[in-house]
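Trainee: After the structure tokens below, expect a handful of questions from me.
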Amino acid sequence: MKMHTKTPVIETGRLSIGYPLKGGKRKVVHDDLNLQLFPGEVTCLLGLNGAGKSTLLRTLCGFQPPLNGTISLLGKPLSSYSQSNFSLTVGVVLTEKTNAGGITVYELVSLGRHPYTGFFGQLKKHDREIIEQSLAAAGIAHKAHNYVSELSDGERQKAVIAKALAQQCPIILLDEPTAFLDVTSRIETMVLLHRLAVEQQKAILLSTHDLDLAIQMGDCLWLQEKGRPMACGTPEDLILSGAFESFFGKEGIVFDPSTGKLNTEAPVDPIGIEGDFLVSYWVGNALMRNGYRPSPVKEGQMNVNCLAPNRLHLTLPGGEKRELTGVAALVEAVRSDGALSR
């Protein structure tokens, strides 16, 4: 677990989440959750479908009551917050695509000032300054006067994040903010959220299925699975402790701590790899895809010395050596020799 000198902005004590059923019964999704969310950090909530990620987020937002336990928001019980005070404290960005196509980006972001402007929603000079700052911080100021319907999915997500920024909340909760985005937009969104957390000292909690980006950009991860305690910590500590393997390893699927990726079940036949780090990594990736396990170089097995992308030295178990000009040629060579036959 990370050691903190900061005070958590959200803290739960023995929290139980789920749903009430007919006849006074309850459907418990997860219980005994003792969680802390800190300013200046992006925390990623990870879990397989059905683990209860959305239920946890809705409970932290007050959209559904906890079954048991406590939720503290800035040191006060969540239940003590009025709707307006909650809106000044927590910005919520849900999974659903924004259907506000008939308004401009500026108008959408200005809705974030509603908790401050009162019933008639009159924007003062200060409100307009906040809106413009929020548009700039989210990297969407150049689209301020475009209709939301004209935006790409990535731009639309930036606009929704700008709206949350305009609320000036210390906490932002997002339910799968990268779900509808292409690869580039997913990266841009995560980089944006991390920058906002650091520069504006916001506490940002998001649920995601994007394991790679969570490991790269998350300061803290919450690993959630039914029937077991939540595992929380930095990505690196969770990987090195084996938590990822136990949470995400299923029959035929394993978490590879050397790459931070989920792979098909680890092959047993080794091929030694050494040389340039980047070339070795991608040679290993190709060999794993073809059913073999990268390993340290040893005599008596097939070994590859990765000098450069176009200089791969292959040594066969009998000592014969070959120089190959790329990864495709390497894979073809080991196949044709039968050295990779199962």
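If you're wondering about the labels, chains in the structure tokens are A, B, ... by order shown, residues count from 1 in each chain, ligands from 1 in order shown.
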Extract the full set of helix (DSSP H, G or I) residues from stretch 11-257 of chain A according to DSSP on the backbone, and format it as a ChimeraX atom specification.

Mentor: /A:22-24,53-60,78-80,83-89,105-117,125-137,141-143,148-150,153-166,183-200,211-217,235-240,243-248

Trainee: Would you kindly return, as a ChimeraX atom specification, each protein, DNA or RNA residue with an atom no farther than 8 Å from any atom of stretch 272-282 of chain A, considering only C-alpha atoms and excluding same-chain residues fewer than 2 positions away?

Mentor: /A:270,284-286,294-298,301-309

Trainee: Would you export the selected residues with N, CA and C atoms as a PDB file, in the first residue's frame, please?

Mentor:
```
ATOM      1  N   PRO A 270      10.812 -23.085 -23.932  1.00  0.00           N
ATOM      2  CA  PRO A 270      11.535 -21.825 -23.854  1.00  0.00           C
ATOM      3  C   PRO A 270      12.371 -21.529 -25.092  1.00  0.00           C
ATOM      4  N   GLY A 284      10.163 -11.294 -28.308  1.00  0.00           N
ATOM      5  CA  GLY A 284       9.460 -12.127 -27.327  1.00  0.00           C
ATOM      6  C   GLY A 284       7.966 -12.112 -27.533  1.00  0.00           C
ATOM      7  N   ASN A 285       7.417 -10.955 -27.888  1.00  0.00           N
ATOM      8  CA  ASN A 285       5.982 -10.850 -28.147  1.00  0.00           C
ATOM      9  C   ASN A 285       5.572 -11.762 -29.296  1.00  0.00           C
ATOM     10  N   ALA A 286       6.360 -11.764 -30.372  1.00  0.00           N
ATOM     11  CA  ALA A 286       6.056 -12.607 -31.533  1.00  0.00           C
ATOM     12  C   ALA A 286       6.159 -14.089 -31.182  1.00  0.00           C
ATOM     13  N   PRO A 294       9.571 -16.767 -23.882  1.00  0.00           N
ATOM     14  CA  PRO A 294      10.891 -16.139 -23.827  1.00  0.00           C
ATOM     15  C   PRO A 294      11.570 -16.466 -22.495  1.00  0.00           C
ATOM     16  N   SER A 295      12.880 -16.696 -22.551  1.00  0.00           N
ATOM     17  CA  SER A 295      13.607 -17.086 -21.346  1.00  0.00           C
ATOM     18  C   SER A 295      15.042 -16.576 -21.445  1.00  0.00           C
ATOM     19  N   PRO A 296      15.828 -16.686 -20.360  1.00  0.00           N
ATOM     20  CA  PRO A 296      17.258 -16.388 -20.468  1.00  0.00           C
ATOM     21  C   PRO A 296      17.942 -17.355 -21.441  1.00  0.00           C
ATOM     22  N   VAL A 297      19.019 -16.901 -22.028  1.00  0.00           N
ATOM     23  CA  VAL A 297      19.780 -17.726 -22.966  1.00  0.00           C
ATOM     24  C   VAL A 297      20.450 -18.883 -22.222  1.00  0.00           C
ATOM     25  N   LYS A 298      20.338 -20.112 -22.797  1.00  0.00           N
ATOM     26  CA  LYS A 298      20.987 -21.300 -22.221  1.00  0.00           C
ATOM     27  C   LYS A 298      21.463 -22.199 -23.358  1.00  0.00           C
ATOM     28  N   GLN A 301      19.295 -25.106 -26.099  1.00  0.00           N
ATOM     29  CA  GLN A 301      17.958 -24.690 -26.536  1.00  0.00           C
ATOM     30  C   GLN A 301      18.123 -23.664 -27.654  1.00  0.00           C
ATOM     31  N   MET A 302      17.021 -23.308 -28.289  1.00  0.00           N
ATOM     32  CA  MET A 302      17.088 -22.268 -29.300  1.00  0.00           C
ATOM     33  C   MET A 302      17.264 -20.919 -28.615  1.00  0.00           C
ATOM     34  N   ASN A 303      18.177 -20.074 -29.145  1.00  0.00           N
ATOM     35  CA  ASN A 303      18.449 -18.758 -28.598  1.00  0.00           C
ATOM     36  C   ASN A 303      18.466 -17.715 -29.705  1.00  0.00           C
ATOM     37  N   VAL A 304      18.063 -16.494 -29.358  1.00  0.00           N
ATOM     38  CA  VAL A 304      18.063 -15.386 -30.308  1.00  0.00           C
ATOM     39  C   VAL A 304      18.847 -14.228 -29.697  1.00  0.00           C
ATOM     40  N   ASN A 305      19.825 -13.713 -30.436  1.00  0.00           N
ATOM     41  CA  ASN A 305      20.557 -12.517 -30.032  1.00  0.00           C
ATOM     42  C   ASN A 305      20.033 -11.357 -30.878  1.00  0.00           C
ATOM     43  N   CYS A 306      19.406 -10.391 -30.212  1.00  0.00           N
ATOM     44  CA  CYS A 306      18.743  -9.290 -30.916  1.00  0.00           C
ATOM     45  C   CYS A 306      19.701  -8.098 -30.989  1.00  0.00           C
ATOM     46  N   LEU A 307      20.433  -8.004 -32.085  1.00  0.00           N
ATOM     47  CA  LEU A 307      21.392  -6.913 -32.253  1.00  0.00           C
ATOM     48  C   LEU A 307      20.711  -5.639 -32.729  1.00  0.00           C
ATOM     49  N   ALA A 308      19.752  -5.783 -33.629  1.00  0.00           N
ATOM     50  CA  ALA A 308      19.020  -4.657 -34.201  1.00  0.00           C
ATOM     51  C   ALA A 308      17.754  -5.228 -34.838  1.00  0.00           C
ATOM     52  N   PRO A 309      16.779  -4.381 -35.196  1.00  0.00           N
ATOM     53  CA  PRO A 309      15.554  -4.912 -35.799  1.00  0.00           C
ATOM     54  C   PRO A 309      15.802  -5.766 -37.039  1.00  0.00           C
TER      55      PRO A 309
END
```

Trainee: List the neighbours of A:Leu15 out to 10 Å using only C-alpha atoms; skip same-chain residues closer than 4 positions along the sequence, and give me the result as number ranges by chain.

Mentor: A: 11, 30-35, 56, 59, 66-71

Trainee: Please return, as an mmCIF file with C-alpha atoms, in the first residue's frame, all residues of stretch 83-237 of chain A that DSSP assigns to strand (DSSP E or B) on the basis of the backbone.

Mentor:
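Dumped to states-v5.cif:
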```
data_model
loop_
_atom_site.group_PDB
_atom_site.id
_atom_site.type_symbol
_atom_site.label_atom_id
_atom_site.label_comp_id
_atom_site.auth_asym_id
_atom_site.auth_seq_id
_atom_site.Cartn_x
_atom_site.Cartn_y
_atom_site.Cartn_z
ATOM 1 C CA VAL A 90 -18.109 15.876 -6.661
ATOM 2 C CA GLY A 91 -18.239 16.005 -10.451
ATOM 3 C CA VAL A 92 -19.728 12.879 -12.018
ATOM 4 C CA VAL A 93 -19.123 11.720 -15.595
ATOM 5 C CA THR A 104 -22.674 24.144 -28.328
ATOM 6 C CA TYR A 147 -22.247 21.923 -31.677
ATOM 7 C CA ILE A 171 -13.351 15.191 -6.657
ATOM 8 C CA ILE A 172 -14.258 13.776 -10.083
ATOM 9 C CA LEU A 173 -15.768 10.301 -10.511
ATOM 10 C CA LEU A 174 -15.933 8.805 -14.013
ATOM 11 C CA ASP A 175 -17.610 5.582 -15.125
ATOM 12 C CA ALA A 203 -8.909 13.357 -6.656
ATOM 13 C CA ILE A 204 -9.991 11.414 -9.746
ATOM 14 C CA LEU A 205 -11.545 7.965 -9.587
ATOM 15 C CA LEU A 206 -12.457 6.156 -12.798
ATOM 16 C CA SER A 207 -13.617 2.676 -13.657
ATOM 17 C CA THR A 208 -12.045 1.094 -16.705
ATOM 18 C CA CYS A 220 -3.401 3.856 -7.456
ATOM 19 C CA LEU A 221 -5.457 0.850 -8.559
ATOM 20 C CA TRP A 222 -8.457 -0.714 -6.882
ATOM 21 C CA LEU A 223 -8.855 -4.343 -7.993
ATOM 22 C CA ALA A 231 -6.721 -5.046 -3.451
ATOM 23 C CA CYS A 232 -5.453 -1.450 -3.470
ATOM 24 C CA GLY A 233 -2.032 0.015 -4.194
#
```

Trainee: Name the residues in contact with A:Gln36 at a cut-off of 9 Å, using only C-alpha atoms, excluding same-chain residues fewer than 6 positions from it; report them as a PyMOL selection string.

Mentor: chain A and resi 8-12

Trainee: Give me a file of those residues, with N, CA, C and O atoms, as an mmCIF file, in the first residue's frame.

Mentor:
```cif
data_model
loop_
_atom_site.group_PDB
_atom_site.id
_atom_site.type_symbol
_atom_site.label_atom_id
_atom_site.label_comp_id
_atom_site.auth_asym_id
_atom_site.auth_seq_id
_atom_site.Cartn_x
_atom_site.Cartn_y
_atom_site.Cartn_z
ATOM 1 N N PRO A 8 -7.357 11.818 3.016
ATOM 2 C CA PRO A 8 -8.264 11.322 1.973
ATOM 3 C C PRO A 8 -9.490 12.210 1.836
ATOM 4 O O PRO A 8 -10.010 12.732 2.832
ATOM 5 N N VAL A 9 -9.945 12.386 0.600
ATOM 6 C CA VAL A 9 -11.156 13.178 0.357
ATOM 7 C C VAL A 9 -12.400 12.294 0.378
ATOM 8 O O VAL A 9 -13.499 12.770 0.659
ATOM 9 N N ILE A 10 -12.223 11.022 0.061
ATOM 10 C CA ILE A 10 -13.284 10.028 0.243
ATOM 11 C C ILE A 10 -12.696 8.891 1.056
ATOM 12 O O ILE A 10 -11.585 8.427 0.787
ATOM 13 N N GLU A 11 -13.452 8.435 2.049
ATOM 14 C CA GLU A 11 -13.003 7.308 2.868
ATOM 15 C C GLU A 11 -14.219 6.460 3.220
ATOM 16 O O GLU A 11 -15.272 6.987 3.601
ATOM 17 N N THR A 12 -14.082 5.147 3.051
ATOM 18 C CA THR A 12 -15.172 4.252 3.419
ATOM 19 C C THR A 12 -14.727 3.355 4.572
ATOM 20 O O THR A 12 -13.551 3.011 4.694
#
```

Trainee: From the options A:Asp237, A:Asp212, A:Asp219, A:Glu323, which residue's atoms come nearest to A:Gly260, counting only C-alpha atoms?

Mentor: A:Asp212

Trainee: Pick the closest to A:Ala164 from A:Ser87, A:Ser185, A:Thr315, A:Asn146: which is it, counting only C-alpha atoms?

Mentor: A:Ser87

Trainee: Find the residue from A:Leu48, A:Val105, A:Val28, A:Ala137 that sits nearest to A:Gln224; use only C-alpha atoms when measuring.

Mentor: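 Smallest separation from A:Gln224 among the options: A:Leu48.
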
Trainee: Can you tell me, as a ChimeraX atom specification, what residues are no more than 9 Å from A:Asp127 when counting only C-alpha atoms, ignoring any on the same chain fewer than 3 positions away?

Mentor: /A:110,113,116-117,123-124,130-132,166

Trainee: Go ahead and write the selection's residues with N, CA, C and O atoms as a compact mmCIF listing (two decimals), in the first residue's frame.

Mentor:
```txt
# COMPACT_ATOMS: atom_id res chain seq x y z
N SER A 110 -20.96 25.22 -19.72
CA SER A 110 -21.57 26.21 -18.82
C SER A 110 -22.56 25.57 -17.85
O SER A 110 -22.82 26.12 -16.77
N ARG A 113 -21.65 25.19 -14.26
CA ARG A 113 -21.75 26.33 -13.33
C ARG A 113 -23.12 26.39 -12.66
O ARG A 113 -23.35 27.27 -11.81
N TYR A 116 -23.70 27.02 -8.99
CA TYR A 116 -23.30 28.34 -8.50
C TYR A 116 -24.24 29.46 -8.94
O TYR A 116 -24.28 30.52 -8.33
N THR A 117 -24.96 29.24 -10.05
CA THR A 117 -25.70 30.35 -10.67
C THR A 117 -27.14 30.45 -10.20
O THR A 117 -27.83 31.41 -10.54
N LEU A 123 -25.09 33.67 -16.01
CA LEU A 123 -23.63 33.58 -15.94
C LEU A 123 -23.04 34.96 -15.72
O LEU A 123 -23.29 35.88 -16.50
N LYS A 124 -22.26 35.09 -14.66
CA LYS A 124 -21.54 36.34 -14.41
C LYS A 124 -20.16 36.27 -15.04
O LYS A 124 -19.75 35.22 -15.55
N ILE A 130 -14.34 30.98 -15.56
CA ILE A 130 -14.17 29.57 -15.16
C ILE A 130 -14.46 28.66 -16.34
O ILE A 130 -13.74 27.67 -16.58
N ILE A 131 -15.50 28.96 -17.11
CA ILE A 131 -15.84 28.14 -18.28
C ILE A 131 -14.69 28.15 -19.29
O ILE A 131 -14.28 27.09 -19.80
N GLU A 132 -14.15 29.32 -19.57
CA GLU A 132 -13.05 29.41 -20.53
C GLU A 132 -11.80 28.69 -20.02
O GLU A 132 -11.11 28.02 -20.79
N ALA A 166 -15.67 22.75 -14.74
CA ALA A 166 -16.36 24.01 -14.50
C ALA A 166 -17.12 23.99 -13.17
O ALA A 166 -17.41 25.05 -12.61
```

Trainee: What is the distance, in Å and to one decimal place, between atom CA of A:Glu225 and atom CA of A:Gln201?

Mentor: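 Atom CA of A:Gln201 lies 29.1 Å from atom CA of A:Glu225.
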